[in-house]
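Peer 1: One file: upload.cif (mmCIF, C-alpha atoms).
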```cif
data_model
#
loop_
_atom_site.label_atom_id
_atom_site.label_comp_id
_atom_site.auth_asym_id
_atom_site.auth_seq_id
_atom_site.Cartn_x
_atom_site.Cartn_y
_atom_site.Cartn_z
CA MET A 3 53.43 135.76 72.55
CA THR A 4 55.06 136.55 69.21
CA GLU A 5 57.85 134.19 68.18
CA ARG A 6 61.23 135.78 68.63
CA GLN A 7 63.34 136.46 65.55
CA PRO A 8 66.89 137.71 66.24
CA GLN A 9 67.48 141.12 64.72
CA ILE A 10 70.42 143.35 63.96
CA LEU A 11 70.56 147.01 62.99
CA ASP A 12 72.59 147.41 59.81
CA LEU A 13 73.51 151.06 60.28
CA GLU A 14 75.35 151.41 56.98
CA GLN A 15 72.36 150.09 55.05
CA VAL A 16 69.99 152.45 56.88
CA ILE A 17 72.17 155.52 56.33
CA ARG A 18 72.83 154.79 52.68
CA SER A 19 69.15 154.08 51.97
CA LYS A 20 68.23 157.44 53.51
CA ALA A 21 70.95 159.27 51.60
CA GLY A 22 69.69 158.07 48.22
CA SER A 23 71.82 159.23 45.31
CA LYS A 24 74.29 160.89 47.69
CA ALA A 25 75.07 157.63 49.49
CA LYS A 26 78.29 157.08 47.55
CA TYR A 27 79.74 160.24 49.08
CA ILE A 28 79.43 158.98 52.65
CA PRO A 29 82.78 157.53 53.81
CA LYS A 30 82.79 154.26 55.73
CA PHE A 31 84.89 155.73 58.53
CA LEU A 32 82.12 158.26 59.24
CA ILE A 33 79.54 155.48 59.48
CA ARG A 34 81.84 153.53 61.80
CA TRP A 35 82.33 156.62 63.96
CA PHE A 36 78.60 157.20 64.23
CA GLY A 37 78.06 153.53 65.05
CA ASN A 38 80.48 153.85 67.95
CA PHE A 39 78.88 157.11 69.07
CA MET A 40 75.40 155.60 69.15
CA HIS A 41 76.66 152.43 70.91
CA LEU A 42 75.65 150.19 68.00
CA ASP A 43 77.19 147.04 69.53
CA TYR A 44 75.21 147.61 72.73
CA ILE A 45 72.01 148.14 70.74
CA ASN A 46 72.57 145.05 68.61
CA GLY A 47 73.32 143.05 71.76
CA TYR A 48 69.71 143.64 72.70
CA LEU A 49 68.20 143.33 69.23
CA LYS A 50 69.66 139.84 68.90
CA GLU A 51 67.23 138.72 71.60
CA GLY A 52 64.45 139.10 69.02
CA TYR A 53 61.70 140.64 71.17
CA VAL A 54 58.73 142.13 69.30
CA GLY A 55 56.01 144.64 70.16
CA VAL A 56 55.21 145.27 73.80
CA GLU A 57 57.72 142.61 74.85
CA PHE A 58 60.38 144.58 72.97
CA CYS A 59 59.60 147.67 75.04
CA GLU A 60 59.38 145.82 78.36
CA ASN A 61 62.63 143.95 77.93
CA CYS A 62 64.40 147.04 76.63
CA LEU A 63 63.76 148.65 80.03
CA LYS A 64 65.18 145.58 81.74
CA TYR A 65 68.23 145.61 79.45
CA LEU A 66 68.88 149.24 80.35
CA GLY A 67 68.21 148.62 84.03
CA VAL A 68 65.65 151.42 84.08
CA ASP A 69 63.43 151.75 87.16
CA ILE A 70 59.91 153.07 86.60
CA GLU A 71 57.53 154.56 89.17
CA VAL A 72 53.99 154.62 87.80
CA ASN A 73 51.16 156.61 89.36
CA GLY A 74 47.50 156.79 88.31
CA LEU A 75 47.01 153.37 86.73
CA GLU A 76 43.60 153.36 88.41
CA ASN A 77 42.64 156.18 86.01
CA LEU A 78 42.89 153.88 82.98
CA PRO A 79 39.45 152.64 81.87
CA LYS A 80 39.01 148.90 81.49
CA ASP A 81 35.61 148.99 79.80
CA GLY A 82 36.86 148.44 76.26
CA ARG A 83 36.66 152.04 75.11
CA ARG A 84 39.24 153.45 72.70
CA LEU A 85 41.49 156.16 74.10
CA THR A 86 44.07 158.71 73.06
CA PHE A 87 47.01 158.97 75.46
CA VAL A 88 48.94 162.25 75.23
CA SER A 89 52.23 162.90 76.98
CA ASN A 90 55.01 165.40 77.27
CA HIS A 91 58.16 164.19 75.52
CA PRO A 92 61.19 164.89 77.76
CA LEU A 93 63.58 162.22 76.50
CA GLY A 94 62.82 161.44 72.86
CA ALA A 95 63.38 157.67 73.08
CA ILE A 96 63.09 155.98 76.45
CA ASP A 97 59.79 157.76 77.18
CA GLY A 98 58.24 156.26 74.07
CA VAL A 99 59.55 152.79 74.90
CA THR A 100 58.35 153.06 78.51
CA LEU A 101 54.84 154.26 77.70
CA GLY A 102 54.55 151.67 74.95
CA ALA A 103 55.37 149.00 77.52
CA ILE A 104 52.92 150.26 80.16
CA ILE A 105 49.97 151.01 77.89
CA GLY A 106 50.57 147.94 75.78
CA ARG A 107 50.54 145.69 78.85
CA GLN A 108 47.34 147.32 80.16
CA TYR A 109 45.55 146.85 76.83
CA ASP A 110 46.75 143.48 75.55
CA GLY A 111 49.36 144.89 73.21
CA LYS A 112 46.89 147.13 71.40
CA VAL A 113 48.80 150.40 71.19
CA LYS A 114 50.02 152.48 68.26
CA TYR A 115 52.16 155.59 68.13
CA LEU A 116 54.04 157.71 65.63
CA LEU A 117 57.64 156.66 65.09
CA ASN A 118 60.36 158.35 63.12
CA ASP A 119 60.82 156.15 60.09
CA LEU A 120 64.43 155.55 61.16
CA LEU A 121 63.12 153.83 64.31
CA MET A 122 60.93 151.65 62.12
CA ASN A 123 64.21 149.92 61.19
CA LEU A 124 64.06 148.40 64.67
CA LYS A 125 61.87 145.48 63.68
CA GLY A 126 60.88 144.82 67.28
CA MET A 127 59.22 148.24 67.56
CA ALA A 128 57.80 148.36 64.05
CA PRO A 129 54.50 146.55 64.88
CA LEU A 130 53.64 149.35 67.32
CA GLY A 131 54.58 152.20 65.03
CA ILE A 132 53.15 154.49 62.41
CA PRO A 133 56.15 155.58 60.30
CA VAL A 134 56.67 159.34 60.11
CA ASN A 135 58.58 160.47 57.05
CA LYS A 136 58.14 164.03 55.78
CA LEU A 137 59.67 163.18 52.42
CA GLY A 138 58.61 161.03 49.49
CA SER A 139 55.70 158.64 49.14
CA GLN A 140 55.55 157.87 52.86
CA ALA A 141 54.70 161.52 53.53
CA ARG A 142 51.71 161.22 51.21
CA ASN A 143 50.62 158.04 53.01
CA LEU A 144 51.04 159.42 56.53
CA SER A 145 47.56 160.93 56.77
CA LYS A 146 46.03 157.64 55.61
CA LEU A 147 48.08 155.62 58.11
CA VAL A 148 47.16 157.95 60.98
CA ASN A 149 43.46 157.82 60.09
CA GLU A 150 43.58 154.02 59.94
CA ALA A 151 45.24 153.87 63.37
CA TYR A 152 42.62 156.15 64.96
CA ASP A 153 39.86 154.11 63.31
CA SER A 154 41.30 150.86 64.66
CA ASP A 155 40.71 149.31 68.09
CA ASN A 156 44.25 150.20 69.18
CA GLN A 157 44.91 152.72 71.92
CA MET A 158 46.71 155.78 70.50
CA LEU A 159 49.84 157.18 72.17
CA ILE A 160 50.72 160.67 70.99
CA PHE A 161 53.53 163.10 71.82
CA PRO A 162 51.79 166.26 70.57
CA ALA A 163 54.92 168.43 70.71
CA GLY A 164 56.48 166.31 67.96
CA LEU A 165 60.04 167.03 69.05
CA CYS A 166 61.31 166.10 72.50
CA SER A 167 61.50 168.80 75.15
CA ARG A 168 63.91 171.73 74.93
CA LYS A 169 65.46 173.94 77.59
CA THR A 170 64.11 177.49 77.43
CA ASP A 171 65.14 180.12 80.00
CA GLY A 172 66.54 177.34 82.15
CA VAL A 173 63.32 175.31 82.12
CA ILE A 174 63.00 171.95 80.34
CA THR A 175 59.59 171.83 78.69
CA ASP A 176 57.76 170.77 75.54
CA LEU A 177 57.19 173.10 72.65
CA ALA A 178 53.55 174.02 72.00
CA TRP A 179 51.42 170.94 71.42
CA GLY A 180 49.94 170.27 68.02
CA LYS A 181 46.14 170.16 67.78
CA SER A 182 45.71 167.09 65.58
CA PHE A 183 45.09 164.70 68.48
CA VAL A 184 42.06 166.77 69.56
CA LYS A 185 40.50 166.68 66.10
CA LYS A 186 41.21 162.99 65.52
CA SER A 187 39.99 161.99 68.98
CA ARG A 188 36.75 163.88 68.42
CA GLU A 189 36.25 162.28 65.00
CA THR A 190 36.74 158.78 66.40
CA GLY A 191 35.03 159.23 69.77
CA ARG A 192 38.12 158.74 71.92
CA ASP A 193 38.44 160.14 75.43
CA ILE A 194 41.86 161.60 76.18
CA ILE A 195 44.26 160.51 78.94
CA PRO A 196 46.91 163.13 79.85
CA ILE A 197 50.32 161.83 80.98
CA HIS A 198 53.26 163.49 82.64
CA PHE A 199 56.65 161.82 82.20
CA GLU A 200 59.36 163.14 84.54
CA GLY A 201 62.88 163.07 83.09
CA GLU A 202 65.53 165.05 81.25
CA ASN A 203 68.37 164.57 78.81
CA SER A 204 71.99 165.64 79.26
CA LYS A 205 73.12 169.27 79.33
CA ARG A 206 75.00 168.59 76.09
CA PHE A 207 71.74 167.69 74.35
CA TYR A 208 70.09 171.00 75.25
CA ARG A 209 73.18 173.01 74.31
CA ILE A 210 73.25 171.47 70.85
CA ALA A 211 69.47 171.81 70.41
CA ASN A 212 69.62 175.50 71.33
CA LEU A 213 72.65 176.09 69.11
CA GLN A 214 70.83 174.44 66.22
CA LYS A 215 67.87 176.77 66.77
CA ALA A 216 70.09 179.87 67.11
CA LEU A 217 71.85 179.08 63.83
CA GLY A 218 68.56 178.37 62.07
CA LEU A 219 69.66 174.92 60.98
CA LYS A 220 66.88 172.79 59.51
CA PHE A 221 68.58 169.44 60.07
CA ASN A 222 67.73 168.05 63.51
CA PHE A 223 71.23 167.47 64.89
CA ALA A 224 69.82 166.99 68.40
CA MET A 225 67.89 163.95 67.19
CA MET A 226 71.17 162.28 66.25
CA LEU A 227 72.14 162.37 69.93
CA LEU A 228 69.10 160.40 71.08
CA PRO A 229 70.65 156.89 70.86
CA ASP A 230 73.45 158.10 73.14
CA GLU A 231 70.91 159.76 75.44
CA MET A 232 69.03 156.47 75.66
CA TYR A 233 72.29 154.68 76.52
CA ARG A 234 72.87 157.25 79.27
CA SER A 235 69.51 156.34 80.80
CA THR A 236 71.00 153.05 82.01
CA GLY A 237 70.19 152.57 85.68
CA ARG A 238 68.04 155.69 85.99
CA LYS A 239 64.62 156.04 87.57
CA TYR A 240 61.69 157.82 85.96
CA ARG A 241 58.28 158.77 87.31
CA ILE A 242 55.12 158.64 85.21
CA THR A 243 51.68 159.91 86.15
CA PHE A 244 48.46 159.10 84.30
CA GLY A 245 45.66 161.62 84.70
CA LYS A 246 41.93 161.02 84.67
CA PRO A 247 40.15 160.61 81.32
CA ILE A 248 39.00 163.81 79.66
CA PRO A 249 35.62 163.08 78.01
CA ILE A 250 35.90 164.07 74.39
CA GLU A 251 32.42 165.66 74.44
CA THR A 252 33.72 168.28 76.90
CA LEU A 253 36.08 169.65 74.23
CA ASP A 254 33.35 171.79 72.72
CA SER A 255 33.28 174.88 70.50
CA SER A 256 34.00 177.22 73.42
CA LYS A 257 37.69 176.84 72.47
CA SER A 258 39.51 176.07 69.24
CA ASP A 259 41.26 172.72 68.84
CA ASN A 260 44.58 174.48 69.32
CA GLU A 261 43.38 176.09 72.55
CA TRP A 262 42.13 172.72 73.83
CA ALA A 263 45.50 171.15 72.98
CA GLN A 264 47.35 173.76 75.07
CA GLU A 265 44.81 173.35 77.87
CA ILE A 266 45.45 169.60 77.98
CA ARG A 267 49.19 170.32 77.91
CA LYS A 268 48.71 172.37 81.09
CA ILE A 269 46.78 169.51 82.68
CA ALA A 270 49.58 167.07 81.85
CA TYR A 271 52.24 169.34 83.36
CA GLY A 272 50.06 169.78 86.43
CA LEU A 273 49.98 166.07 87.20
#
```
Let me see the file written as structure tokens.
Peer 2:
Amino acid sequence: MTERQPQILDLEQVIRSKAGSKAKYIPKFLIRWFGNFMHLDYINGYLKEGYVGVEFCENCLKYLGVDIEVNGLENLPKDGRRLTFVSNHPLGAIDGVTLGAIIGRQYDGKVKYLLNDLLMNLKGMAPLGIPVNKLGSQARNLSKLVNEAYDSDNQMLIFPAGLCSRKTDGVITDLAWGKSFVKKSRETGRDIIPIHFEGENSKRFYRIANLQKALGLKFNFAMMLLPDEMYRSTGRKYRITFGKPIPIETLDSSKSDNEWAQEIRKIAYGL
């Protein structure tokens, strides 16, 4: 058990560090407003407990009062092999925390997954994360960090859609899955475990996400809603299903990596 170290999220410091040279133009009242919107006091109330790693994820669920129904745990190998877990991404926050808790507990805390570099400011989650930053030096290091994670003895948890699910024609579903997890799993000899996570965000989230797309805006405004969406998950119940391992040697040259990725996406949604 890792020794607890009380934490606090300094939102102003995070925002100003991300803004760089433009930080001086950000008014304090706007930072205070966003802190209230994202329930910063509620978040810091939990961070002060100082949980780290898998314990951070497990106790976060308790703090939120989230109830989890898990199916298919018998499908998870216990023979020491390295695996790649791939899941749909309906919620954008609580799904990552939940799967980190479940997989981490099954495999002695040995789990790694991609985290937006903003989430890496949550020191309790940072040990489980690979920071994703598409700008600056971290972007150049991302490939190296991902390769190191796949080469390690950690289990990999991947949300291949990248973004959380969107509502299209009235149906909440992932975007097309990226193919990288197929290639990396093949290179490192990892079988693949498909996961289906049942859940959805608020109607407001999907309206804003669709408006952002319609207007062609590059900035991910929907992502800024995710702390509030996580807060709204308080007291909810989610159902998770783990599928059977897909032997990596079966993903042969009969399909491209992209085609295999979409095939596995179908398997996950069929669970």
Peer 1: What separation in Å, quoted to one decimal, exists between atom CA of A:Glu189 and atom CA of A:Ile248?
Peer 2: 15.0 Å
Peer 1: So how far away is atom CA of A:Pro229 from atom CA of A:Tyr48, in Å?
Peer 2: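 Going from atom CA of A:Tyr48 over to atom CA of A:Pro229, I get 13.4 Å.
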Peer 1: Evaluated on this file, the PyMOL selection byres ((chain A and resi 206) around 12) picks out some residues - which ones are they, written as an MDAnalysis selection string?
Peer 2: chainID A and resid 168:169 202:205 207:213 223:224 227:228 230:231 234
Peer 1: Determine the residue membership of the PyMOL selection byres ((chain A and resi 49-53) around 9) for the file above and supply it as a ChimeraX atom specification.
Peer 2: /A:4-11,44-48,54-59,61-62,124-127
Peer 1: Could you save those same residues with C-alpha atoms as a short mmCIF file (atom, residue, chain, number, x, y, z; two decimals), in the frame of the given file?
Peer 2:
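What follows is the written file part-v7.cif:
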```cif
data_model
loop_
_atom_site.label_atom_id
_atom_site.label_comp_id
_atom_site.auth_asym_id
_atom_site.auth_seq_id
_atom_site.Cartn_x
_atom_site.Cartn_y
_atom_site.Cartn_z
CA THR A 4 55.06 136.55 69.21
CA GLU A 5 57.85 134.19 68.18
CA ARG A 6 61.23 135.78 68.63
CA GLN A 7 63.34 136.46 65.55
CA PRO A 8 66.89 137.71 66.24
CA GLN A 9 67.48 141.12 64.72
CA ILE A 10 70.42 143.35 63.96
CA LEU A 11 70.56 147.01 62.99
CA TYR A 44 75.21 147.61 72.73
CA ILE A 45 72.01 148.14 70.74
CA ASN A 46 72.57 145.05 68.61
CA GLY A 47 73.32 143.05 71.76
CA TYR A 48 69.71 143.64 72.70
CA VAL A 54 58.73 142.13 69.30
CA GLY A 55 56.01 144.64 70.16
CA VAL A 56 55.21 145.27 73.80
CA GLU A 57 57.72 142.61 74.85
CA PHE A 58 60.38 144.58 72.97
CA CYS A 59 59.60 147.67 75.04
CA ASN A 61 62.63 143.95 77.93
CA CYS A 62 64.40 147.04 76.63
CA LEU A 124 64.06 148.40 64.67
CA LYS A 125 61.87 145.48 63.68
CA GLY A 126 60.88 144.82 67.28
CA MET A 127 59.22 148.24 67.56
#
```
Peer 1: Mind pulling up the distance from atom CA of A:Ile70 to atom CA of A:Tyr152?
Peer 2: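 According to the coordinates, atom CA of A:Tyr152 and atom CA of A:Ile70 are separated by 27.9 Å.
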Peer 1: Could you list, as a ChimeraX atom specification, every residue matched by the PyMOL selection byres ((chain A and resi 160-164) around 9) in this structure?
Peer 2: /A:86-91,98,114-116,158-159,165-167,176-183,263,267
Peer 1: Kindly add N, CA and C atoms to the incomplete stretch 90-110 of chain A and provide the output as a short mmCIF file (atom, residue, chain, number, x, y, z; two decimals), keeping the file's coordinate frame.
Peer 2:
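New file out06.cif:
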```cif
data_model
loop_
_atom_site.label_atom_id
_atom_site.label_comp_id
_atom_site.auth_asym_id
_atom_site.auth_seq_id
_atom_site.Cartn_x
_atom_site.Cartn_y
_atom_site.Cartn_z
N ASN A 90 53.83 164.60 77.57
CA ASN A 90 55.01 165.40 77.27
C ASN A 90 56.11 164.46 76.80
N HIS A 91 57.16 165.01 76.22
CA HIS A 91 58.16 164.19 75.52
C HIS A 91 59.57 164.61 75.97
N PRO A 92 59.94 164.35 77.23
CA PRO A 92 61.19 164.89 77.76
C PRO A 92 62.45 164.22 77.22
N LEU A 93 62.36 162.97 76.80
CA LEU A 93 63.58 162.22 76.50
C LEU A 93 63.77 161.90 75.02
N GLY A 94 62.69 161.67 74.29
CA GLY A 94 62.82 161.44 72.86
C GLY A 94 62.98 159.99 72.46
N ALA A 95 63.21 159.09 73.41
CA ALA A 95 63.38 157.67 73.08
C ALA A 95 62.84 156.79 74.19
N ILE A 96 63.47 156.87 75.36
CA ILE A 96 63.09 155.98 76.45
C ILE A 96 61.67 156.25 76.93
N ASP A 97 61.18 157.49 76.78
CA ASP A 97 59.79 157.76 77.18
C ASP A 97 58.81 157.03 76.27
N GLY A 98 59.10 156.99 74.99
CA GLY A 98 58.24 156.26 74.07
C GLY A 98 58.24 154.76 74.34
N VAL A 99 59.43 154.22 74.59
CA VAL A 99 59.55 152.79 74.90
C VAL A 99 58.80 152.46 76.20
N THR A 100 58.97 153.31 77.21
CA THR A 100 58.35 153.06 78.51
C THR A 100 56.83 153.11 78.42
N LEU A 101 56.30 154.14 77.80
CA LEU A 101 54.84 154.26 77.70
C LEU A 101 54.25 153.17 76.81
N GLY A 102 54.99 152.79 75.78
CA GLY A 102 54.55 151.67 74.95
C GLY A 102 54.43 150.40 75.75
N ALA A 103 55.39 150.18 76.67
CA ALA A 103 55.37 149.00 77.52
C ALA A 103 54.18 149.02 78.48
N ILE A 104 53.98 150.17 79.14
CA ILE A 104 52.92 150.26 80.16
C ILE A 104 51.53 150.17 79.54
N ILE A 105 51.29 151.00 78.53
CA ILE A 105 49.97 151.01 77.89
C ILE A 105 49.70 149.70 77.17
N GLY A 106 50.73 149.20 76.49
CA GLY A 106 50.57 147.94 75.78
C GLY A 106 50.21 146.80 76.72
N ARG A 107 50.83 146.75 77.89
CA ARG A 107 50.54 145.69 78.85
C ARG A 107 49.13 145.84 79.42
N GLN A 108 48.68 147.08 79.63
CA GLN A 108 47.34 147.32 80.16
C GLN A 108 46.25 146.96 79.16
N TYR A 109 46.58 147.04 77.85
CA TYR A 109 45.55 146.85 76.83
C TYR A 109 45.93 145.75 75.82
N ASP A 110 46.50 144.69 76.34
CA ASP A 110 46.75 143.48 75.55
C ASP A 110 47.52 143.74 74.26
#
```
